[in-house]
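Text of target38.cif (mmCIF, C-alpha atoms) as supplied:
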```cif
data_upload
loop_
_atom_site.label_atom_id
_atom_site.label_comp_id
_atom_site.auth_asym_id
_atom_site.auth_seq_id
_atom_site.Cartn_x
_atom_site.Cartn_y
_atom_site.Cartn_z
CA MET A 1096 28.48 -17.76 -8.05
CA SER A 1097 29.44 -15.40 -5.21
CA GLY A 1098 28.59 -12.46 -7.44
CA LEU A 1099 25.20 -13.94 -8.24
CA ILE A 1100 24.48 -14.50 -4.55
CA ARG A 1101 25.46 -10.94 -3.70
CA SER A 1102 23.24 -9.55 -6.42
CA SER A 1103 20.36 -11.74 -5.27
CA ILE A 1104 20.77 -10.54 -1.71
CA ALA A 1105 20.99 -6.95 -2.91
CA ARG A 1106 17.71 -7.37 -4.79
CA LYS A 1107 15.99 -8.75 -1.69
CA VAL A 1108 17.33 -5.94 0.48
CA ALA A 1109 16.18 -3.34 -2.07
CA MET A 1110 12.77 -5.01 -2.16
CA ALA A 1111 12.56 -4.97 1.64
CA LEU A 1112 13.64 -1.34 2.00
CA SER A 1113 11.15 -0.14 -0.61
CA GLY A 1114 8.46 -2.20 1.15
CA LEU A 1115 9.26 -0.63 4.52
CA PHE A 1116 9.08 2.81 2.92
CA LEU A 1117 5.64 2.03 1.53
CA VAL A 1118 4.49 0.70 4.90
CA PHE A 1119 5.44 4.04 6.46
CA PHE A 1120 3.38 5.86 3.84
CA LEU A 1121 0.51 3.41 4.36
CA LEU A 1122 0.43 4.27 8.07
CA GLN A 1123 0.44 8.00 7.31
CA HIS A 1124 -2.33 7.56 4.73
CA PHE A 1125 -4.39 5.49 7.16
CA THR A 1126 -3.99 8.05 9.96
CA ILE A 1127 -5.30 10.89 7.79
CA ASN A 1128 -8.19 8.82 6.43
CA LEU A 1129 -9.16 7.69 9.92
CA THR A 1130 -9.71 11.31 10.97
CA SER A 1131 -12.58 11.43 8.45
CA VAL A 1132 -14.54 9.09 10.72
CA PHE A 1133 -14.26 11.41 13.71
CA SER A 1134 -13.98 14.94 12.32
CA LYS A 1135 -14.79 16.34 8.89
CA ASP A 1136 -12.85 19.52 9.68
CA VAL A 1137 -9.68 17.71 10.78
CA PHE A 1138 -9.77 15.54 7.67
CA ASN A 1139 -10.25 18.58 5.42
CA THR A 1140 -7.40 20.41 7.13
CA ALA A 1141 -4.99 17.47 6.86
CA SER A 1142 -5.96 16.74 3.25
CA HIS A 1143 -5.67 20.40 2.29
CA PHE A 1144 -2.17 20.53 3.79
CA MET A 1145 -1.08 17.38 1.95
CA GLY A 1146 -2.66 18.58 -1.28
CA THR A 1147 -1.15 22.07 -1.32
CA ASN A 1148 2.18 21.78 0.49
CA PRO A 1149 4.95 22.15 -2.14
CA LEU A 1150 7.30 19.76 -0.32
CA VAL A 1151 4.65 17.03 -0.30
CA GLN A 1152 3.48 17.66 -3.86
CA PHE A 1153 6.77 18.15 -5.70
CA ALA A 1154 9.26 16.21 -3.56
CA LEU A 1155 7.60 13.50 -1.49
CA GLN A 1156 4.89 12.56 -4.00
CA PRO A 1157 7.34 11.76 -6.84
CA VAL A 1158 9.46 9.75 -4.40
CA LEU A 1159 6.35 7.82 -3.34
CA ILE A 1160 5.36 7.06 -6.93
CA PHE A 1161 8.90 5.91 -7.68
CA GLY A 1162 8.84 3.72 -4.56
CA VAL A 1163 5.60 2.06 -5.67
CA VAL A 1164 6.88 1.40 -9.20
CA PHE A 1165 10.27 0.19 -7.94
CA HIS A 1166 8.73 -2.17 -5.38
CA PHE A 1167 6.42 -3.84 -7.87
CA VAL A 1168 9.03 -4.06 -10.64
CA MET A 1169 11.51 -5.59 -8.20
CA GLY A 1170 8.82 -8.01 -7.04
CA PHE A 1171 8.22 -9.22 -10.60
CA VAL A 1172 11.97 -9.55 -11.20
CA LEU A 1173 12.42 -11.66 -8.06
CA GLU A 1174 9.43 -13.83 -8.97
CA ILE A 1175 10.80 -14.50 -12.45
CA ARG A 1176 14.24 -15.35 -11.10
CA ASN A 1177 12.79 -17.57 -8.39
CA LYS A 1178 10.78 -19.48 -10.99
CA GLY A 1179 13.94 -19.87 -13.03
CA ALA A 1180 15.79 -21.22 -10.01
CA ARG A 1181 12.98 -23.75 -9.46
CA SER A 1182 13.05 -24.98 -13.05
CA VAL A 1183 14.97 -28.07 -11.91
CA LYS A 1184 12.35 -30.25 -10.26
CA TYR A 1185 13.20 -32.23 -7.17
CA ALA A 1186 11.44 -35.53 -6.59
CA ASN A 1187 10.51 -34.85 -2.99
CA TYR A 1188 10.06 -31.08 -3.10
CA ASN A 1189 6.83 -29.79 -1.62
CA GLY A 1190 6.58 -26.00 -1.66
CA ALA A 1191 3.57 -25.97 0.65
CA ALA A 1192 5.57 -27.80 3.30
CA ASN A 1193 8.36 -25.23 3.26
CA ALA A 1194 6.53 -21.93 2.94
CA SER A 1195 3.21 -20.36 3.89
CA TRP A 1196 0.46 -19.71 1.38
CA MET A 1197 1.13 -15.97 1.62
CA SER A 1198 4.83 -16.33 0.81
CA ARG A 1199 4.12 -18.63 -2.15
CA ASN A 1200 1.52 -16.27 -3.61
CA MET A 1201 3.02 -12.84 -2.99
CA ILE A 1202 3.02 -12.14 -6.72
CA TYR A 1203 -0.76 -12.67 -6.95
CA SER A 1204 -1.61 -10.53 -3.94
CA GLY A 1205 0.80 -7.95 -5.35
CA ILE A 1206 -1.00 -7.94 -8.70
CA ALA A 1207 -4.33 -7.48 -6.91
CA ILE A 1208 -2.91 -4.54 -4.97
CA LEU A 1209 -1.46 -3.05 -8.15
CA ALA A 1210 -4.90 -3.25 -9.80
CA PHE A 1211 -6.39 -1.56 -6.73
CA LEU A 1212 -3.80 1.22 -6.92
CA GLY A 1213 -4.91 1.82 -10.49
CA LEU A 1214 -8.48 2.25 -9.28
CA HIS A 1215 -7.35 4.40 -6.36
CA PHE A 1216 -5.33 6.69 -8.63
CA TYR A 1217 -8.30 6.93 -10.99
CA ASP A 1218 -10.61 7.83 -8.08
CA PHE A 1219 -8.45 10.34 -6.25
CA TRP A 1220 -5.07 11.24 -7.76
CA VAL A 1221 -6.18 11.83 -11.36
CA PRO A 1222 -9.19 14.00 -10.39
CA GLU A 1223 -6.93 15.97 -8.05
CA ILE A 1224 -4.41 16.64 -10.83
CA VAL A 1225 -7.20 17.63 -13.23
CA TYR A 1226 -8.85 19.89 -10.62
CA LYS A 1227 -5.66 21.77 -9.77
CA TYR A 1228 -3.50 21.76 -12.88
CA VAL A 1229 -5.81 21.15 -15.86
CA GLU A 1230 -8.97 23.01 -14.92
CA THR A 1231 -6.99 25.35 -12.59
CA ASN A 1232 -9.89 25.66 -10.18
CA PRO A 1233 -9.50 27.83 -7.08
CA GLU A 1234 -8.48 25.83 -4.04
CA VAL A 1235 -11.37 25.00 -1.70
CA ALA A 1236 -10.10 23.74 1.64
CA THR A 1237 -13.41 22.10 2.58
CA ARG A 1238 -13.95 19.97 -0.54
CA TYR A 1239 -12.02 16.85 0.47
CA TYR A 1240 -14.50 15.25 2.84
CA GLY A 1241 -17.36 15.44 0.35
CA GLU A 1242 -15.17 14.01 -2.41
CA LEU A 1243 -14.15 11.12 -0.16
CA GLN A 1244 -17.73 10.26 0.75
CA HIS A 1245 -18.85 10.47 -2.87
CA LYS A 1246 -16.43 7.70 -3.85
CA PHE A 1247 -18.04 5.27 -1.39
CA VAL A 1248 -21.66 5.77 -2.42
CA SER A 1249 -21.48 2.83 -4.85
CA PRO A 1250 -21.68 -0.58 -3.13
CA VAL A 1251 -19.66 -2.08 -6.01
CA ARG A 1252 -16.78 0.35 -5.59
CA THR A 1253 -16.91 -0.01 -1.81
CA GLY A 1254 -16.81 -3.79 -2.21
CA LEU A 1255 -13.80 -3.57 -4.53
CA TYR A 1256 -11.96 -1.46 -1.97
CA CYS A 1257 -12.74 -3.94 0.81
CA VAL A 1258 -11.56 -6.91 -1.27
CA ALA A 1259 -8.38 -5.03 -2.14
CA PHE A 1260 -7.67 -4.44 1.54
CA VAL A 1261 -8.03 -8.17 2.20
CA PHE A 1262 -5.33 -8.79 -0.41
CA LEU A 1263 -3.27 -6.06 1.22
CA ALA A 1264 -3.51 -7.89 4.54
CA LEU A 1265 -2.39 -11.16 2.92
CA HIS A 1266 0.52 -9.37 1.26
CA LEU A 1267 1.61 -7.65 4.46
CA LEU A 1268 1.32 -10.78 6.59
CA HIS A 1269 4.36 -12.19 4.86
CA GLY A 1270 5.99 -9.15 3.29
CA PHE A 1271 6.19 -6.79 6.26
CA ALA A 1272 7.55 -9.41 8.64
CA SER A 1273 10.05 -10.86 6.15
CA SER A 1274 11.37 -7.41 5.21
CA PHE A 1275 13.03 -7.11 8.63
CA GLN A 1276 14.78 -10.44 8.08
CA SER A 1277 15.92 -9.32 4.63
CA VAL A 1278 17.65 -6.24 6.05
CA GLY A 1279 19.37 -8.33 8.72
CA VAL A 1280 17.31 -7.67 11.85
CA ASN A 1281 18.10 -10.67 14.03
CA ASN A 1282 18.38 -9.85 17.72
CA LYS A 1283 16.47 -10.15 20.98
CA TYR A 1284 13.77 -7.85 19.63
CA SER A 1285 13.11 -9.99 16.55
CA THR A 1286 10.19 -11.88 18.08
CA GLY A 1287 8.50 -8.68 19.17
CA ILE A 1288 9.09 -7.10 15.77
CA GLN A 1289 7.55 -10.11 14.03
CA LYS A 1290 4.48 -9.95 16.28
CA PHE A 1291 4.13 -6.21 15.65
CA ALA A 1292 4.41 -6.77 11.88
CA LYS A 1293 1.70 -9.45 11.96
CA ALA A 1294 -0.60 -7.22 14.02
CA PHE A 1295 0.03 -4.26 11.69
CA ALA A 1296 -0.76 -6.45 8.68
CA ILE A 1297 -4.23 -7.16 10.11
CA VAL A 1298 -5.15 -3.96 11.96
CA ILE A 1299 -4.37 -1.45 9.18
CA PRO A 1300 -6.26 -3.21 6.34
CA VAL A 1301 -9.21 -3.86 8.68
CA GLY A 1302 -9.10 -0.17 9.59
CA PHE A 1303 -9.27 0.81 5.91
CA ILE A 1304 -12.24 -1.54 5.44
CA PHE A 1305 -13.95 0.09 8.42
CA ILE A 1306 -13.40 3.56 6.92
CA ALA A 1307 -14.82 2.49 3.54
CA LEU A 1308 -17.89 0.88 5.10
CA PHE A 1309 -18.41 3.84 7.44
CA HIS A 1310 -18.61 6.30 4.57
CA HIS A 1311 -20.71 3.96 2.47
CA LEU A 1312 -23.29 3.65 5.24
CA ASN A 1313 -23.18 7.30 6.29
CA HIS A 1314 -22.76 9.25 3.03
#
```
Hey, can you dump this file as structure tokens for me?
Amino acid sequence: MSGLIRSSIARKVAMALSGLFLVFFLLQHFTINLTSVFSKDVFNTASHFMGTNPLVQFALQPVLIFGVVFHFVMGFVLEIRNKGARSVKYANYNGAANASWMSRNMIYSGIAILAFLGLHFYDFWVPEIVYKYVETNPEVATRYYGELQHKFVSPVRTGLYCVAFVFLALHLLHGFASSFQSVGVNNKYSTGIQKFAKAFAIVIPVGFIFIALFHHLNH
């Protein structure tokens, strides 16, 4: 039993650490995308650096992809094990009374985000790989802004992005805050950290929605 508990805790810690890593990337991704609202040149410069820097392309990018895959696989494993642990029904158990809607439906918001990542890869990562390594086109440092705006011409695609960011907010509202508890953060700063996590979970997805709508209305 003690071994099972330790392995369960280890899985939760691994899930939390991978989540925190992805949150850091999310902030970096948001910061670069936000520059597109204020300056086409700054966005092109930042995107060109990220798209051509060998460290980013051949070291950080594979780590990021692994982090995404690991986080979602671990999430599915935990969900399956949690369902197995709840297979014994208790007469007076009420899940809604013991956990928030977000915590009880993390798997569904996660699936929605995973579907969005598929669309996002199809829109940006795959064309980038084809452009650089399949068609071997010459690098044009000013192409990124136009490519970004082109993706948000369609109201359907823009709507899908906005809905996905709503699911991201729901996922982060529980996941980001709980990740600190999973790694053992429990001190006088815990309340402030929880408030910051909740604010982050709302501000960043709303910011992404703003960026998508901005380019849709101003393409």
Mind telling me what the PyMOL selection byres ((chain A and resi 1247) around 10) catches here, as a PDB file with C-alpha atoms, in the frame of the given file?
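New file selection05.pdb:
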```pdb
ATOM      1  CA  GLU A1242     -15.170  14.010  -2.410  1.00  0.00           C
ATOM      2  CA  LEU A1243     -14.150  11.120  -0.160  1.00  0.00           C
ATOM      3  CA  GLN A1244     -17.730  10.260   0.750  1.00  0.00           C
ATOM      4  CA  HIS A1245     -18.850  10.470  -2.870  1.00  0.00           C
ATOM      5  CA  LYS A1246     -16.430   7.700  -3.850  1.00  0.00           C
ATOM      6  CA  VAL A1248     -21.660   5.770  -2.420  1.00  0.00           C
ATOM      7  CA  SER A1249     -21.480   2.830  -4.850  1.00  0.00           C
ATOM      8  CA  PRO A1250     -21.680  -0.580  -3.130  1.00  0.00           C
ATOM      9  CA  VAL A1251     -19.660  -2.080  -6.010  1.00  0.00           C
ATOM     10  CA  ARG A1252     -16.780   0.350  -5.590  1.00  0.00           C
ATOM     11  CA  THR A1253     -16.910  -0.010  -1.810  1.00  0.00           C
ATOM     12  CA  GLY A1254     -16.810  -3.790  -2.210  1.00  0.00           C
ATOM     13  CA  TYR A1256     -11.960  -1.460  -1.970  1.00  0.00           C
ATOM     14  CA  ILE A1306     -13.400   3.560   6.920  1.00  0.00           C
ATOM     15  CA  ALA A1307     -14.820   2.490   3.540  1.00  0.00           C
ATOM     16  CA  LEU A1308     -17.890   0.880   5.100  1.00  0.00           C
ATOM     17  CA  PHE A1309     -18.410   3.840   7.440  1.00  0.00           C
ATOM     18  CA  HIS A1310     -18.610   6.300   4.570  1.00  0.00           C
ATOM     19  CA  HIS A1311     -20.710   3.960   2.470  1.00  0.00           C
ATOM     20  CA  LEU A1312     -23.290   3.650   5.240  1.00  0.00           C
ATOM     21  CA  ASN A1313     -23.180   7.300   6.290  1.00  0.00           C
ATOM     22  CA  HIS A1314     -22.760   9.250   3.030  1.00  0.00           C
TER      23      HIS A1314
END
```
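With all atoms listed in the file as the atoms that count, the residue of A:Tyr1240, A:Val1278, A:Ala1292, A:Cys1257 with the shortest distance to A:Ser1134 is A:Tyr1240.
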Around all the atoms of stretch 1307-1312 of chain A listed in the file, draw an axis-aligned box and extend it by 3 Å on each of the six sides; I want its centre and edge lengths in Å to one decimal, as lines of an AutoDock Vina configuration file.
```
center_x = -19.1
center_y = 3.6
center_z = 5.0
size_x = 14.5
size_y = 11.4
size_z = 11.0
```
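When atom CA of A:His1215 is paired with atom CA of A:Val1108, their separation reads 27.6 Å.
Counting all atoms listed in the file, the residue from A:Trp1220, A:Gly1270, A:Gly1162, A:Leu1265 that sits nearest to A:Ile1297 is A:Leu1265.
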Contacts of A:Ile1206 at 10 Å (only C-alpha atoms; same-chain gap of 4+ positions) as number ranges by chain: A: 1167, 1170-1171, 1201-1202, 1210-1212, 1262
Atom CA of A:Ala1272 to atom CA of A:Ala1294 measures 10.0 Å
Give the answer as one residue: which of A:Leu1129, A:Val1164, A:Ala1264, A:Val1118 has the shortest atom-to-atom distance to A:Pro1300, using all atoms listed in the file? A:Ala1264
Given the choices A:Tyr1239, A:Trp1196, A:Phe1303, A:Phe1144, which gets closest to A:Phe1219 if the distance is worked out from all atoms listed in the file? A:Tyr1239
Using Å and a single decimal, report how far atom CA of A:Gly1241 sits from atom CA of A:Phe1116. 29.4 Å
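Comparing the minimum interatomic distances between A:Ile1304 and each of A:Val1261, A:Gly1279, A:Ile1175, A:Val1235, counting all atoms listed in the file, we find that A:Val1261 sits nearest.
Each of A:Ile1127, A:Ala1111, A:Ile1224, A:Ala1207 was compared to A:Gln1152 using all atoms listed in the file, and A:Ile1224 turns out to be the nearest.
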Skipping near chain neighbours, those fewer than 6 positions away, what residues fall within 9 Å of A:Arg1106 using all atoms listed in the file, listed as a PyMOL selection string? chain A and resi 1169+1172-1173
With C-alpha atoms retained, write the just-selected residues as a PDB file, keeping the file's coordinate frame.
```
ATOM      1  CA  MET A1169      11.510  -5.590  -8.200  1.00  0.00           C
ATOM      2  CA  VAL A1172      11.970  -9.550 -11.200  1.00  0.00           C
ATOM      3  CA  LEU A1173      12.420 -11.660  -8.060  1.00  0.00           C
TER       4      LEU A1173
END
```
Output of the PyMOL selection byres ((chain A and resi 1143) around 9), listed as number ranges by chain: A: 1138-1142, 1144-1148, 1234-1239
